[in-house]
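Listing of protein06.cif; format and content: mmCIF, C-alpha atoms and all ligand atoms.
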```
data_final
#
loop_
_atom_site.group_PDB
_atom_site.id
_atom_site.type_symbol
_atom_site.label_atom_id
_atom_site.label_comp_id
_atom_site.auth_asym_id
_atom_site.auth_seq_id
_atom_site.Cartn_x
_atom_site.Cartn_y
_atom_site.Cartn_z
ATOM 1 C CA MET A 131 34.092 23.245 -14.588
ATOM 2 C CA ILE A 132 31.509 25.593 -13.183
ATOM 3 C CA CYS A 133 29.880 24.112 -10.184
ATOM 4 C CA THR A 134 27.069 25.815 -8.322
ATOM 5 C CA ALA A 135 26.849 24.810 -4.684
ATOM 6 C CA PRO A 136 23.525 23.113 -4.050
ATOM 7 C CA ASP A 137 21.268 24.783 -1.538
ATOM 8 C CA ILE A 138 21.405 22.117 1.150
ATOM 9 C CA THR A 139 18.954 23.843 3.473
ATOM 10 C CA GLU A 140 16.360 24.076 0.730
ATOM 11 C CA ASN A 141 16.946 20.483 -0.433
ATOM 12 C CA LEU A 142 16.630 19.168 3.107
ATOM 13 C CA GLN A 143 13.458 21.140 3.579
ATOM 14 C CA ARG A 144 12.006 19.657 0.398
ATOM 15 C CA VAL A 145 12.950 16.094 1.395
ATOM 16 C CA ARG A 146 11.521 16.546 4.901
ATOM 17 C CA GLU A 147 8.261 17.827 3.419
ATOM 18 C CA ALA A 148 8.081 14.848 1.055
ATOM 19 C CA ILE A 149 8.670 12.512 4.026
ATOM 20 C CA ALA A 150 5.864 14.195 5.973
ATOM 21 C CA THR A 151 3.467 13.970 3.018
ATOM 22 C CA ALA A 152 4.259 10.297 2.366
ATOM 23 C CA ALA A 153 3.955 9.415 6.054
ATOM 24 C CA ARG A 154 0.637 11.224 6.331
ATOM 25 C CA SER A 155 -0.839 9.460 3.334
ATOM 26 C CA ALA A 156 0.290 6.123 4.782
ATOM 27 C CA GLY A 157 -1.333 6.987 8.111
ATOM 28 C CA ARG A 158 2.051 7.090 9.793
ATOM 29 C CA ASN A 159 3.745 9.645 11.999
ATOM 30 C CA SER A 160 6.718 11.230 10.192
ATOM 31 C CA GLY A 161 8.635 10.913 13.466
ATOM 32 C CA GLU A 162 8.846 7.171 12.737
ATOM 33 C CA VAL A 163 11.060 7.861 9.727
ATOM 34 C CA THR A 164 14.715 8.742 10.260
ATOM 35 C CA LEU A 165 16.360 10.579 7.392
ATOM 36 C CA VAL A 166 19.924 9.373 6.876
ATOM 37 C CA ALA A 167 21.768 11.883 4.677
ATOM 38 C CA VAL A 168 24.130 9.878 2.477
ATOM 39 C CA SER A 169 27.263 11.992 2.185
ATOM 40 C CA LYS A 170 29.502 9.520 0.325
ATOM 41 C CA ARG A 171 31.625 11.169 -2.369
ATOM 42 C CA GLN A 172 30.508 14.575 -1.171
ATOM 43 C CA PRO A 173 32.848 17.179 0.304
ATOM 44 C CA ALA A 174 32.874 17.948 4.014
ATOM 45 C CA GLU A 175 31.627 21.493 3.295
ATOM 46 C CA LEU A 176 28.275 20.097 2.194
ATOM 47 C CA ILE A 177 28.055 17.951 5.335
ATOM 48 C CA ALA A 178 28.743 21.100 7.366
ATOM 49 C CA ALA A 179 25.868 22.854 5.561
ATOM 50 C CA ALA A 180 23.527 19.957 6.349
ATOM 51 C CA VAL A 181 24.615 19.977 10.014
ATOM 52 C CA ALA A 182 23.905 23.717 10.118
ATOM 53 C CA ALA A 183 20.428 22.943 8.744
ATOM 54 C CA GLY A 184 19.797 20.562 11.647
ATOM 55 C CA GLN A 185 20.624 17.205 10.038
ATOM 56 C CA ARG A 186 22.036 14.670 12.547
ATOM 57 C CA ASN A 187 22.127 11.274 10.824
ATOM 58 C CA PHE A 188 24.653 10.665 8.054
ATOM 59 C CA GLY A 189 25.562 7.645 5.963
ATOM 60 C CA GLU A 190 28.876 6.658 4.405
ATOM 61 C CA SER A 191 29.747 3.592 2.386
ATOM 62 C CA THR A 192 33.529 3.217 2.473
ATOM 63 C CA MET A 193 35.737 3.301 5.562
ATOM 64 C CA GLN A 194 38.615 5.041 3.802
ATOM 65 C CA GLU A 195 36.457 7.989 2.896
ATOM 66 C CA ALA A 196 34.384 8.024 6.070
ATOM 67 C CA LEU A 197 37.057 8.138 8.780
ATOM 68 C CA PRO A 198 38.501 11.600 8.006
ATOM 69 C CA LYS A 199 34.971 13.017 7.738
ATOM 70 C CA LEU A 200 33.953 11.501 11.065
ATOM 71 C CA GLU A 201 37.063 12.983 12.645
ATOM 72 C CA ARG A 202 36.246 16.415 11.315
ATOM 73 C CA PHE A 203 32.718 16.349 12.751
ATOM 74 C CA ARG A 204 33.609 14.523 15.984
ATOM 75 C CA SER A 205 32.547 17.391 18.242
ATOM 76 C CA ASP A 206 29.162 17.765 16.509
ATOM 77 C CA GLY A 207 27.895 14.532 18.053
ATOM 78 C CA LEU A 208 26.432 13.232 14.788
ATOM 79 C CA VAL A 209 24.998 9.751 14.300
ATOM 80 C CA TRP A 210 26.869 7.852 11.586
ATOM 81 C CA HIS A 211 25.505 4.915 9.617
ATOM 82 C CA PHE A 212 27.735 2.563 7.644
ATOM 83 C CA ILE A 213 25.629 1.643 4.611
ATOM 84 C CA GLY A 214 28.093 0.044 2.171
ATOM 85 C CA HIS A 215 29.474 -3.454 1.953
ATOM 86 C CA LEU A 216 31.852 -3.946 4.887
ATOM 87 C CA GLN A 217 34.958 -6.038 4.417
ATOM 88 C CA SER A 218 35.792 -8.124 7.491
ATOM 89 C CA ASN A 219 39.204 -6.491 7.793
ATOM 90 C CA LYS A 220 37.500 -3.093 8.287
ATOM 91 C CA ALA A 221 35.141 -4.268 11.035
ATOM 92 C CA ARG A 222 37.413 -2.985 13.780
ATOM 93 C CA PHE A 223 36.773 0.610 12.641
ATOM 94 C CA ILE A 224 33.033 0.398 13.202
ATOM 95 C CA PRO A 225 32.734 0.568 17.036
ATOM 96 C CA GLY A 226 33.368 4.064 18.298
ATOM 97 C CA ASN A 227 32.759 5.546 14.868
ATOM 98 C CA PHE A 228 29.423 4.239 13.625
ATOM 99 C CA THR A 229 26.230 3.784 15.619
ATOM 100 C CA TRP A 230 24.494 1.788 12.899
ATOM 101 C CA LEU A 231 25.603 -0.817 10.408
ATOM 102 C CA HIS A 232 23.107 -1.435 7.598
ATOM 103 C CA SER A 233 24.921 -4.211 5.792
ATOM 104 C CA LEU A 234 25.514 -7.271 7.953
ATOM 105 C CA ASP A 235 25.509 -10.281 5.615
ATOM 106 C CA SER A 236 27.576 -13.051 7.189
ATOM 107 C CA LEU A 237 28.251 -14.823 10.473
ATOM 108 C CA THR A 238 31.983 -14.130 10.146
ATOM 109 C CA LEU A 239 31.368 -10.407 9.919
ATOM 110 C CA GLY A 240 28.933 -10.580 12.847
ATOM 111 C CA GLN A 241 31.537 -12.387 14.975
ATOM 112 C CA ARG A 242 34.226 -9.847 14.190
ATOM 113 C CA LEU A 243 31.908 -6.909 14.881
ATOM 114 C CA SER A 244 30.855 -8.492 18.156
ATOM 115 C CA ARG A 245 34.455 -8.928 19.253
ATOM 116 C CA PHE A 246 35.428 -5.332 18.442
ATOM 117 C CA ALA A 247 32.249 -3.837 19.887
ATOM 118 C CA THR A 248 32.761 -5.778 23.111
ATOM 119 C CA GLU A 249 36.397 -4.702 23.349
ATOM 120 C CA HIS A 250 35.325 -1.122 22.768
ATOM 121 C CA GLY A 251 32.495 -1.415 25.289
ATOM 122 C CA SER A 252 29.814 -0.297 22.853
ATOM 123 C CA VAL A 253 26.740 -1.787 21.245
ATOM 124 C CA LEU A 254 26.157 -1.664 17.518
ATOM 125 C CA ASP A 255 22.681 -1.315 16.070
ATOM 126 C CA THR A 256 22.771 -3.726 13.171
ATOM 127 C CA LEU A 257 20.604 -4.362 10.143
ATOM 128 C CA ILE A 258 20.879 -7.404 7.927
ATOM 129 C CA GLU A 259 21.015 -6.524 4.246
ATOM 130 C CA VAL A 260 18.645 -8.499 2.072
ATOM 131 C CA ASN A 261 19.353 -8.633 -1.639
ATOM 132 C CA ILE A 262 15.818 -8.401 -2.988
ATOM 133 C CA ALA A 263 16.859 -7.385 -6.479
ATOM 134 C CA ARG A 264 18.991 -10.550 -6.676
ATOM 135 C CA ASP A 265 21.669 -8.362 -8.119
ATOM 136 C CA ARG A 266 24.851 -10.351 -7.787
ATOM 137 C CA ALA A 267 26.950 -7.208 -7.960
ATOM 138 C CA ARG A 268 25.390 -6.096 -4.674
ATOM 139 C CA GLY A 269 25.923 -7.364 -1.163
ATOM 140 C CA GLY A 270 23.272 -8.774 1.073
ATOM 141 C CA VAL A 271 21.820 -12.193 1.618
ATOM 142 C CA ALA A 272 19.258 -13.804 -0.625
ATOM 143 C CA HIS A 273 15.784 -13.862 0.820
ATOM 144 C CA GLU A 274 15.930 -17.628 1.527
ATOM 145 C CA GLN A 275 19.275 -17.282 3.324
ATOM 146 C CA LEU A 276 17.945 -14.750 5.796
ATOM 147 C CA ALA A 277 16.395 -17.111 8.362
ATOM 148 C CA PRO A 278 19.423 -19.480 8.370
ATOM 149 C CA LEU A 279 21.774 -16.517 8.899
ATOM 150 C CA MET A 280 19.651 -15.171 11.734
ATOM 151 C CA GLU A 281 19.637 -18.594 13.345
ATOM 152 C CA GLN A 282 23.439 -18.647 13.248
ATOM 153 C CA LEU A 283 23.734 -15.090 14.549
ATOM 154 C CA LEU A 284 21.361 -15.728 17.426
ATOM 155 C CA HIS A 285 22.869 -19.083 18.252
ATOM 156 C CA ALA A 286 26.378 -17.633 18.447
ATOM 157 C CA PRO A 287 25.429 -15.426 20.585
ATOM 158 C CA LEU A 288 27.047 -12.118 19.739
ATOM 159 C CA PRO A 289 27.376 -9.592 22.564
ATOM 160 C CA GLY A 290 27.800 -6.019 21.379
ATOM 161 C CA ILE A 291 25.537 -6.567 18.392
ATOM 162 C CA ARG A 292 21.898 -5.647 18.534
ATOM 163 C CA LEU A 293 19.884 -7.024 15.616
ATOM 164 C CA ARG A 294 17.430 -4.251 14.773
ATOM 165 C CA GLY A 295 15.936 -5.114 11.394
ATOM 166 C CA LEU A 296 16.561 -5.295 7.676
ATOM 167 C CA MET A 297 18.060 -3.160 4.957
ATOM 168 C CA ALA A 298 17.313 -3.438 1.249
ATOM 169 C CA ILE A 299 17.967 -1.565 -1.954
ATOM 170 C CA GLY A 300 14.923 -1.286 -4.194
ATOM 171 C CA PRO A 301 14.959 -2.834 -7.657
ATOM 172 C CA HIS A 302 16.079 -0.553 -10.477
ATOM 173 C CA PRO A 303 14.621 0.186 -12.913
ATOM 174 C CA ALA A 304 11.178 -0.377 -11.466
ATOM 175 C CA ASN A 305 7.825 1.365 -11.576
ATOM 176 C CA GLU A 306 5.850 2.449 -8.539
ATOM 177 C CA PRO A 307 3.815 -0.770 -8.089
ATOM 178 C CA GLU A 308 6.966 -2.883 -8.462
ATOM 179 C CA LEU A 309 8.761 -0.797 -5.864
ATOM 180 C CA ARG A 310 5.822 -0.989 -3.475
ATOM 181 C CA ALA A 311 5.669 -4.767 -3.905
ATOM 182 C CA ALA A 312 9.419 -5.158 -3.312
ATOM 183 C CA PHE A 313 9.372 -2.986 -0.185
ATOM 184 C CA ALA A 314 6.265 -4.756 1.117
ATOM 185 C CA GLN A 315 8.161 -8.021 0.750
ATOM 186 C CA VAL A 316 10.998 -6.678 2.936
ATOM 187 C CA ARG A 317 8.498 -5.567 5.551
ATOM 188 C CA ALA A 318 6.907 -9.030 5.542
ATOM 189 C CA LEU A 319 10.348 -10.607 5.969
ATOM 190 C CA ARG A 320 11.073 -8.382 8.939
ATOM 191 C CA ASP A 321 7.737 -9.226 10.528
ATOM 192 C CA ALA A 322 8.290 -12.940 9.969
ATOM 193 C CA CYS A 323 11.800 -12.853 11.487
ATOM 194 C CA ARG A 324 10.694 -10.765 14.420
ATOM 195 C CA GLN A 325 7.979 -13.264 15.235
ATOM 196 C CA ARG A 326 9.909 -16.439 14.507
ATOM 197 C CA PHE A 327 12.892 -15.426 16.615
ATOM 198 C CA GLY A 328 10.913 -13.547 19.273
ATOM 199 C CA LEU A 329 12.887 -10.338 18.805
ATOM 200 C CA SER A 330 10.830 -7.427 20.097
ATOM 201 C CA GLY A 331 13.517 -4.931 19.029
ATOM 202 C CA PHE A 332 13.638 -6.141 15.434
ATOM 203 C CA THR A 333 11.589 -3.181 14.260
ATOM 204 C CA GLU A 334 13.643 -1.300 11.687
ATOM 205 C CA LEU A 335 13.416 -1.177 7.910
ATOM 206 C CA SER A 336 16.147 0.706 6.058
ATOM 207 C CA MET A 337 14.797 1.158 2.560
ATOM 208 C CA GLY A 338 14.285 4.002 0.126
ATOM 209 C CA MET A 339 16.808 6.292 -1.576
ATOM 210 C CA SER A 340 16.429 9.611 -3.469
ATOM 211 C CA GLY A 341 14.372 8.032 -6.245
ATOM 212 C CA ASP A 342 12.158 5.726 -4.209
ATOM 213 C CA PHE A 343 11.841 6.874 -0.603
ATOM 214 C CA VAL A 344 8.157 7.742 -1.029
ATOM 215 C CA PRO A 345 7.037 4.176 -1.889
ATOM 216 C CA ALA A 346 9.442 2.900 0.811
ATOM 217 C CA ILE A 347 7.744 5.066 3.443
ATOM 218 C CA MET A 348 4.345 3.919 2.177
ATOM 219 C CA GLU A 349 5.506 0.354 2.920
ATOM 220 C CA GLY A 350 6.887 1.047 6.376
ATOM 221 C CA ALA A 351 10.481 2.304 6.028
ATOM 222 C CA THR A 352 11.860 3.574 9.352
ATOM 223 C CA LEU A 353 15.249 4.668 7.996
ATOM 224 C CA ILE A 354 15.633 6.162 4.530
ATOM 225 C CA ARG A 355 19.036 6.704 2.922
ATOM 226 C CA VAL A 356 18.992 9.822 0.775
ATOM 227 C CA GLY A 357 22.050 11.253 -0.988
ATOM 228 C CA THR A 358 21.474 12.985 -4.313
ATOM 229 C CA ALA A 359 18.208 14.695 -3.363
ATOM 230 C CA ILE A 360 20.043 16.465 -0.530
ATOM 231 C CA PHE A 361 23.584 16.966 -1.798
ATOM 232 C CA GLY A 362 23.185 16.907 -5.579
ATOM 233 C CA ALA A 363 25.124 14.668 -7.944
ATOM 234 C CA ARG A 364 28.146 12.928 -6.449
ATOM 235 C CA GLY A 365 31.729 13.483 -7.479
ATOM 236 C CA ASP A 366 33.207 10.402 -9.106
ATOM 237 C CA ALA A 367 36.637 10.496 -7.496
ATOM 238 C CA GLN A 368 35.849 7.276 -5.660
ATOM 239 C CA ALA A 369 33.492 4.514 -6.631
HETATM 240 C C1 LIG B 1 24.602 5.825 -2.385
HETATM 241 C C2 LIG B 1 23.616 5.077 -1.603
HETATM 242 C C3 LIG B 1 22.386 5.646 -1.249
HETATM 243 C C4 LIG B 1 21.945 7.048 -1.661
HETATM 244 O O1 LIG B 1 21.551 7.055 -2.993
HETATM 245 P P1 LIG B 1 20.848 8.347 -3.664
HETATM 246 O O2 LIG B 1 20.191 7.785 -4.863
HETATM 247 O O3 LIG B 1 21.915 9.316 -3.968
HETATM 248 O O4 LIG B 1 19.871 8.874 -2.687
HETATM 249 C C5 LIG B 1 21.526 4.891 -0.466
HETATM 250 N N1 LIG B 1 21.843 3.641 -0.074
HETATM 251 C C6 LIG B 1 23.006 3.063 -0.389
HETATM 252 C C7 LIG B 1 23.302 1.678 0.083
HETATM 253 C C8 LIG B 1 23.929 3.750 -1.186
HETATM 254 O O5 LIG B 1 25.083 3.151 -1.500
#
```
Give the structure from this file in structure tokens form.
Amino acid sequence: MICTAPDITENLQRVREAIATAARSAGRNSGEVTLVAVSKRQPAELIAAAVAAGQRNFGESTMQEALPKLERFRSDGLVWHFIGHLQSNKARFIPGNFTWLHSLDSLTLGQRLSRFATEHGSVLDTLIEVNIARDRARGGVAHEQLAPLMEQLLHAPLPGIRLRGLMAIGPHPANEPELRAAFAQVRALRDACRQRFGLSGFTELSMGMSGDFVPAIMEGATLIRVGTAIFGARGDAQA
């Protein structure tokens, strides 16, 4: 197999320009949008190239694959985001390794994360994943389960966990207006939760991937998770 290394610097440049253009046309400051480079199923060499090009935030979706990569880049002081479904028995690996978790979807997981974060003496920035596509193969809570889950999480209470906002994966396939409508719905959910529960720090919206980060930014995304557009197609060694 002949495999040409993607030009990570050029790809990052192109994505950053697209972010700036989208933010400008939405009347937003591009500094409000954090680019999370999704490096799952990509070799460490490509992460190193992205780091050399100034990228700081990276996303991984399985613990098994992430831990050796985190170890390798430990001294670079990167910010790691766990974006995949997290099994409860892996929660103890989050504190000390990941700054952000994008996929909280149950009280049990929240309780475990709180316990490990407290033991570790760190605080985890946490997003609740909302399943807007109602795709049963995906994680996340259904839209109508969001407020009940937040009530439980806030009632607990859970030291070491900071609820920061929502994460969603856009519907697929979907055209531009459908994507905009779906992302606008997530923004409205965040606003409603923030107000209802009086959470001034519940400000974040993780939405938008390689194919749909522009409409996500138009609708208020503050964290976008972009893999393919930076690193090229993923290897399929691991699902
Ligand atoms: C893989 C993945 C991404 C990145 O997808 P691309 O289409 O390659 O940009 C974003 N979010 C989640 C949750 C993912 O699993």
Exercise for the section: Translate the PyMOL selection byres (((chain A and resi 218) around 9) and not hetatm), as applied to the file shown, into an explicit residue set as a ChimeraX atom specification. Expected result: /A:216-217,219-222,238-239,242-243
Nearby residues, ligand LIG 1 (chain B), 10 Å, all atoms listed in the file, as a short mmCIF file (atom, residue, chain, number, x, y, z; two decimals) with C-alpha atoms, in the frame of the given file:
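Listed below is the output, selection.cif:
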```
data_model
loop_
_atom_site.label_atom_id
_atom_site.label_comp_id
_atom_site.auth_asym_id
_atom_site.auth_seq_id
_atom_site.Cartn_x
_atom_site.Cartn_y
_atom_site.Cartn_z
CA VAL A 166 19.92 9.37 6.88
CA ALA A 167 21.77 11.88 4.68
CA VAL A 168 24.13 9.88 2.48
CA SER A 169 27.26 11.99 2.18
CA LYS A 170 29.50 9.52 0.32
CA ARG A 171 31.62 11.17 -2.37
CA GLY A 189 25.56 7.64 5.96
CA GLU A 190 28.88 6.66 4.40
CA SER A 191 29.75 3.59 2.39
CA THR A 192 33.53 3.22 2.47
CA PHE A 212 27.74 2.56 7.64
CA ILE A 213 25.63 1.64 4.61
CA GLY A 214 28.09 0.04 2.17
CA HIS A 215 29.47 -3.45 1.95
CA HIS A 232 23.11 -1.44 7.60
CA SER A 233 24.92 -4.21 5.79
CA GLU A 259 21.02 -6.52 4.25
CA ARG A 268 25.39 -6.10 -4.67
CA GLY A 269 25.92 -7.36 -1.16
CA MET A 297 18.06 -3.16 4.96
CA ALA A 298 17.31 -3.44 1.25
CA ILE A 299 17.97 -1.56 -1.95
CA GLY A 300 14.92 -1.29 -4.19
CA SER A 336 16.15 0.71 6.06
CA MET A 337 14.80 1.16 2.56
CA GLY A 338 14.28 4.00 0.13
CA MET A 339 16.81 6.29 -1.58
CA SER A 340 16.43 9.61 -3.47
CA GLY A 341 14.37 8.03 -6.24
CA ASP A 342 12.16 5.73 -4.21
CA PHE A 343 11.84 6.87 -0.60
CA ILE A 354 15.63 6.16 4.53
CA ARG A 355 19.04 6.70 2.92
CA VAL A 356 18.99 9.82 0.78
CA GLY A 357 22.05 11.25 -0.99
CA THR A 358 21.47 12.98 -4.31
CA ALA A 359 18.21 14.70 -3.36
CA ILE A 360 20.04 16.46 -0.53
CA PHE A 361 23.58 16.97 -1.80
CA GLY A 362 23.18 16.91 -5.58
CA ALA A 363 25.12 14.67 -7.94
CA ARG A 364 28.15 12.93 -6.45
CA ALA A 369 33.49 4.51 -6.63
#
```
Any chance you could work out the residue set of the PyMOL selection byres (((chain A and resi 156) around 10) and not hetatm) here, as a JSON list (two decimals) with C-alpha atoms, in the coordinates of the input?
```json
[["chain", "number", "residue", "atom", "x", "y", "z"],
["A", 150, "ALA", "CA", 5.86, 14.20, 5.97],
["A", 151, "THR", "CA", 3.47, 13.97, 3.02],
["A", 152, "ALA", "CA", 4.26, 10.30, 2.37],
["A", 153, "ALA", "CA", 3.96, 9.41, 6.05],
["A", 154, "ARG", "CA", 0.64, 11.22, 6.33],
["A", 155, "SER", "CA", -0.84, 9.46, 3.33],
["A", 157, "GLY", "CA", -1.33, 6.99, 8.11],
["A", 158, "ARG", "CA", 2.05, 7.09, 9.79],
["A", 159, "ASN", "CA", 3.74, 9.64, 12.00],
["A", 160, "SER", "CA", 6.72, 11.23, 10.19],
["A", 344, "VAL", "CA", 8.16, 7.74, -1.03],
["A", 345, "PRO", "CA", 7.04, 4.18, -1.89],
["A", 347, "ILE", "CA", 7.74, 5.07, 3.44],
["A", 348, "MET", "CA", 4.34, 3.92, 2.18],
["A", 349, "GLU", "CA", 5.51, 0.35, 2.92],
["A", 350, "GLY", "CA", 6.89, 1.05, 6.38]]
```
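Atom pair atom CA of Arg294 of chain A / atom CA of Gly270 of chain A: separated by 15.6 Å.
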Exercise for the section: Determine the residue set returned by the PyMOL selection byres (((chain A and resi 274-280) around 9) and not hetatm) for the present structure, and present it as a PyMOL selection string. Expected result: chain A and resi 235-237+258-260+271-273+281-285+319+323+326-327
Leaving out Ser244 of chain A and any residue of its chain fewer than 2 positions from it, which residues lie within 10 Å of it when counting all atoms listed in the file, given as a PDB file with C-alpha atoms, in the frame of the given file?
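Produced file out_23.pdb, reproduced below:
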```pdb
ATOM      1  CA  ALA A 221      35.141  -4.268  11.035  1.00  0.00           C
ATOM      2  CA  ARG A 222      37.413  -2.985  13.780  1.00  0.00           C
ATOM      3  CA  PRO A 225      32.734   0.568  17.036  1.00  0.00           C
ATOM      4  CA  THR A 238      31.983 -14.130  10.146  1.00  0.00           C
ATOM      5  CA  LEU A 239      31.368 -10.407   9.919  1.00  0.00           C
ATOM      6  CA  GLY A 240      28.933 -10.580  12.847  1.00  0.00           C
ATOM      7  CA  GLN A 241      31.537 -12.387  14.975  1.00  0.00           C
ATOM      8  CA  ARG A 242      34.226  -9.847  14.190  1.00  0.00           C
ATOM      9  CA  PHE A 246      35.428  -5.332  18.442  1.00  0.00           C
ATOM     10  CA  ALA A 247      32.249  -3.837  19.887  1.00  0.00           C
ATOM     11  CA  THR A 248      32.761  -5.778  23.111  1.00  0.00           C
ATOM     12  CA  GLU A 249      36.397  -4.702  23.349  1.00  0.00           C
ATOM     13  CA  HIS A 250      35.325  -1.122  22.768  1.00  0.00           C
ATOM     14  CA  SER A 252      29.814  -0.297  22.853  1.00  0.00           C
ATOM     15  CA  VAL A 253      26.740  -1.787  21.245  1.00  0.00           C
ATOM     16  CA  LEU A 254      26.157  -1.664  17.518  1.00  0.00           C
ATOM     17  CA  PRO A 287      25.429 -15.426  20.585  1.00  0.00           C
ATOM     18  CA  LEU A 288      27.047 -12.118  19.739  1.00  0.00           C
ATOM     19  CA  PRO A 289      27.376  -9.592  22.564  1.00  0.00           C
ATOM     20  CA  GLY A 290      27.800  -6.019  21.379  1.00  0.00           C
ATOM     21  CA  ILE A 291      25.537  -6.567  18.392  1.00  0.00           C
ATOM     22  CA  ARG A 292      21.898  -5.647  18.534  1.00  0.00           C
TER      23      ARG A 292
END
```
Padding 5 Å on every side, please: axis-aligned box over the listed atoms of segment 254-259 of chain A, centre and edge lengths to one decimal in Å, as JSON.
```
{"center_x": 23.4, "center_y": -4.4, "center_z": 10.9, "size_x": 15.6, "size_y": 16.1, "size_z": 23.3}
```
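The space separating atom CA of Gln143 of chain A from atom CA of Gly365 of chain A comes to 22.7 Å.
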Practice task
Kindly indicate which residue among A:Leu257, A:Ala346, A:Ala286, A:Ala314 lies nearest to Phe332 of chain A, using all atoms listed in the file for the distances.
Solution key: A:Leu257
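For the atom pair formed by atom CA of Ala311 of chain A and atom CA of Ala351 of chain A, the distance is 13.1 Å, given to one decimal.
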Practice task
Counting only C-alpha atoms, figure out which residue out of A:Asn261, A:Ile177, A:Asn187, A:Phe223 gets nearest to Gly207 of chain A.
Solution key: A:Asn187
Problem - Distance query Leu208 of chain A at most 9 Å, all atoms listed in the file, self and fewer than 5 positions along chain excluded, as a list of chain:residue names - result: A:Val181, A:Gln185, A:Arg186, A:Asn187, A:Phe188, A:Leu200, A:Phe203
Include C-alpha atoms and write out the residues we just selected as a compact mmCIF listing (two decimals), in the frame of the given file.
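Output file again.txt is given in full below:
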```txt
# COMPACT_ATOMS: atom_id res chain seq x y z
CA VAL A 181 24.62 19.98 10.01
CA GLN A 185 20.62 17.20 10.04
CA ARG A 186 22.04 14.67 12.55
CA ASN A 187 22.13 11.27 10.82
CA PHE A 188 24.65 10.66 8.05
CA LEU A 200 33.95 11.50 11.06
CA PHE A 203 32.72 16.35 12.75
```
Practice task
Considering only C-alpha atoms, state which residue in the set A:Gln325, A:Ala263, A:Leu165, A:Ala182 is at the smallest distance from Ala304 of chain A.
Solution key: A:Ala263
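Minimum distance to Leu296 of chain A across A:Arg320, A:Arg146, A:Arg202, A:Arg245 (counting only C-alpha atoms) occurs at A:Arg320.
In terms of minimum interatomic distance to Trp230 of chain A, A:Leu293 ranks closest within A:Ala178, A:Met193, A:Leu293, A:Leu142, counting all atoms listed in the file.
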Segment 153-164 of chain A from the block above, C-alpha atoms, as a PDB file, in the first residue's frame, please?
```
ATOM      1  CA  ALA A 153     -17.091  32.645  12.956  1.00  0.00           C
ATOM      2  CA  ARG A 154     -16.887  35.952  11.119  1.00  0.00           C
ATOM      3  CA  SER A 155     -20.035  35.308   9.132  1.00  0.00           C
ATOM      4  CA  ALA A 156     -21.838  34.373  12.354  1.00  0.00           C
ATOM      5  CA  GLY A 157     -20.638  37.588  13.993  1.00  0.00           C
ATOM      6  CA  ARG A 158     -18.531  35.617  16.435  1.00  0.00           C
ATOM      7  CA  ASN A 159     -14.906  35.852  17.471  1.00  0.00           C
ATOM      8  CA  SER A 160     -12.956  32.794  16.263  1.00  0.00           C
ATOM      9  CA  GLY A 161     -11.263  32.762  19.672  1.00  0.00           C
ATOM     10  CA  GLU A 162     -14.556  31.416  21.061  1.00  0.00           C
ATOM     11  CA  VAL A 163     -14.096  28.199  19.093  1.00  0.00           C
ATOM     12  CA  THR A 164     -11.626  25.592  20.326  1.00  0.00           C
TER      13      THR A 164
END
```
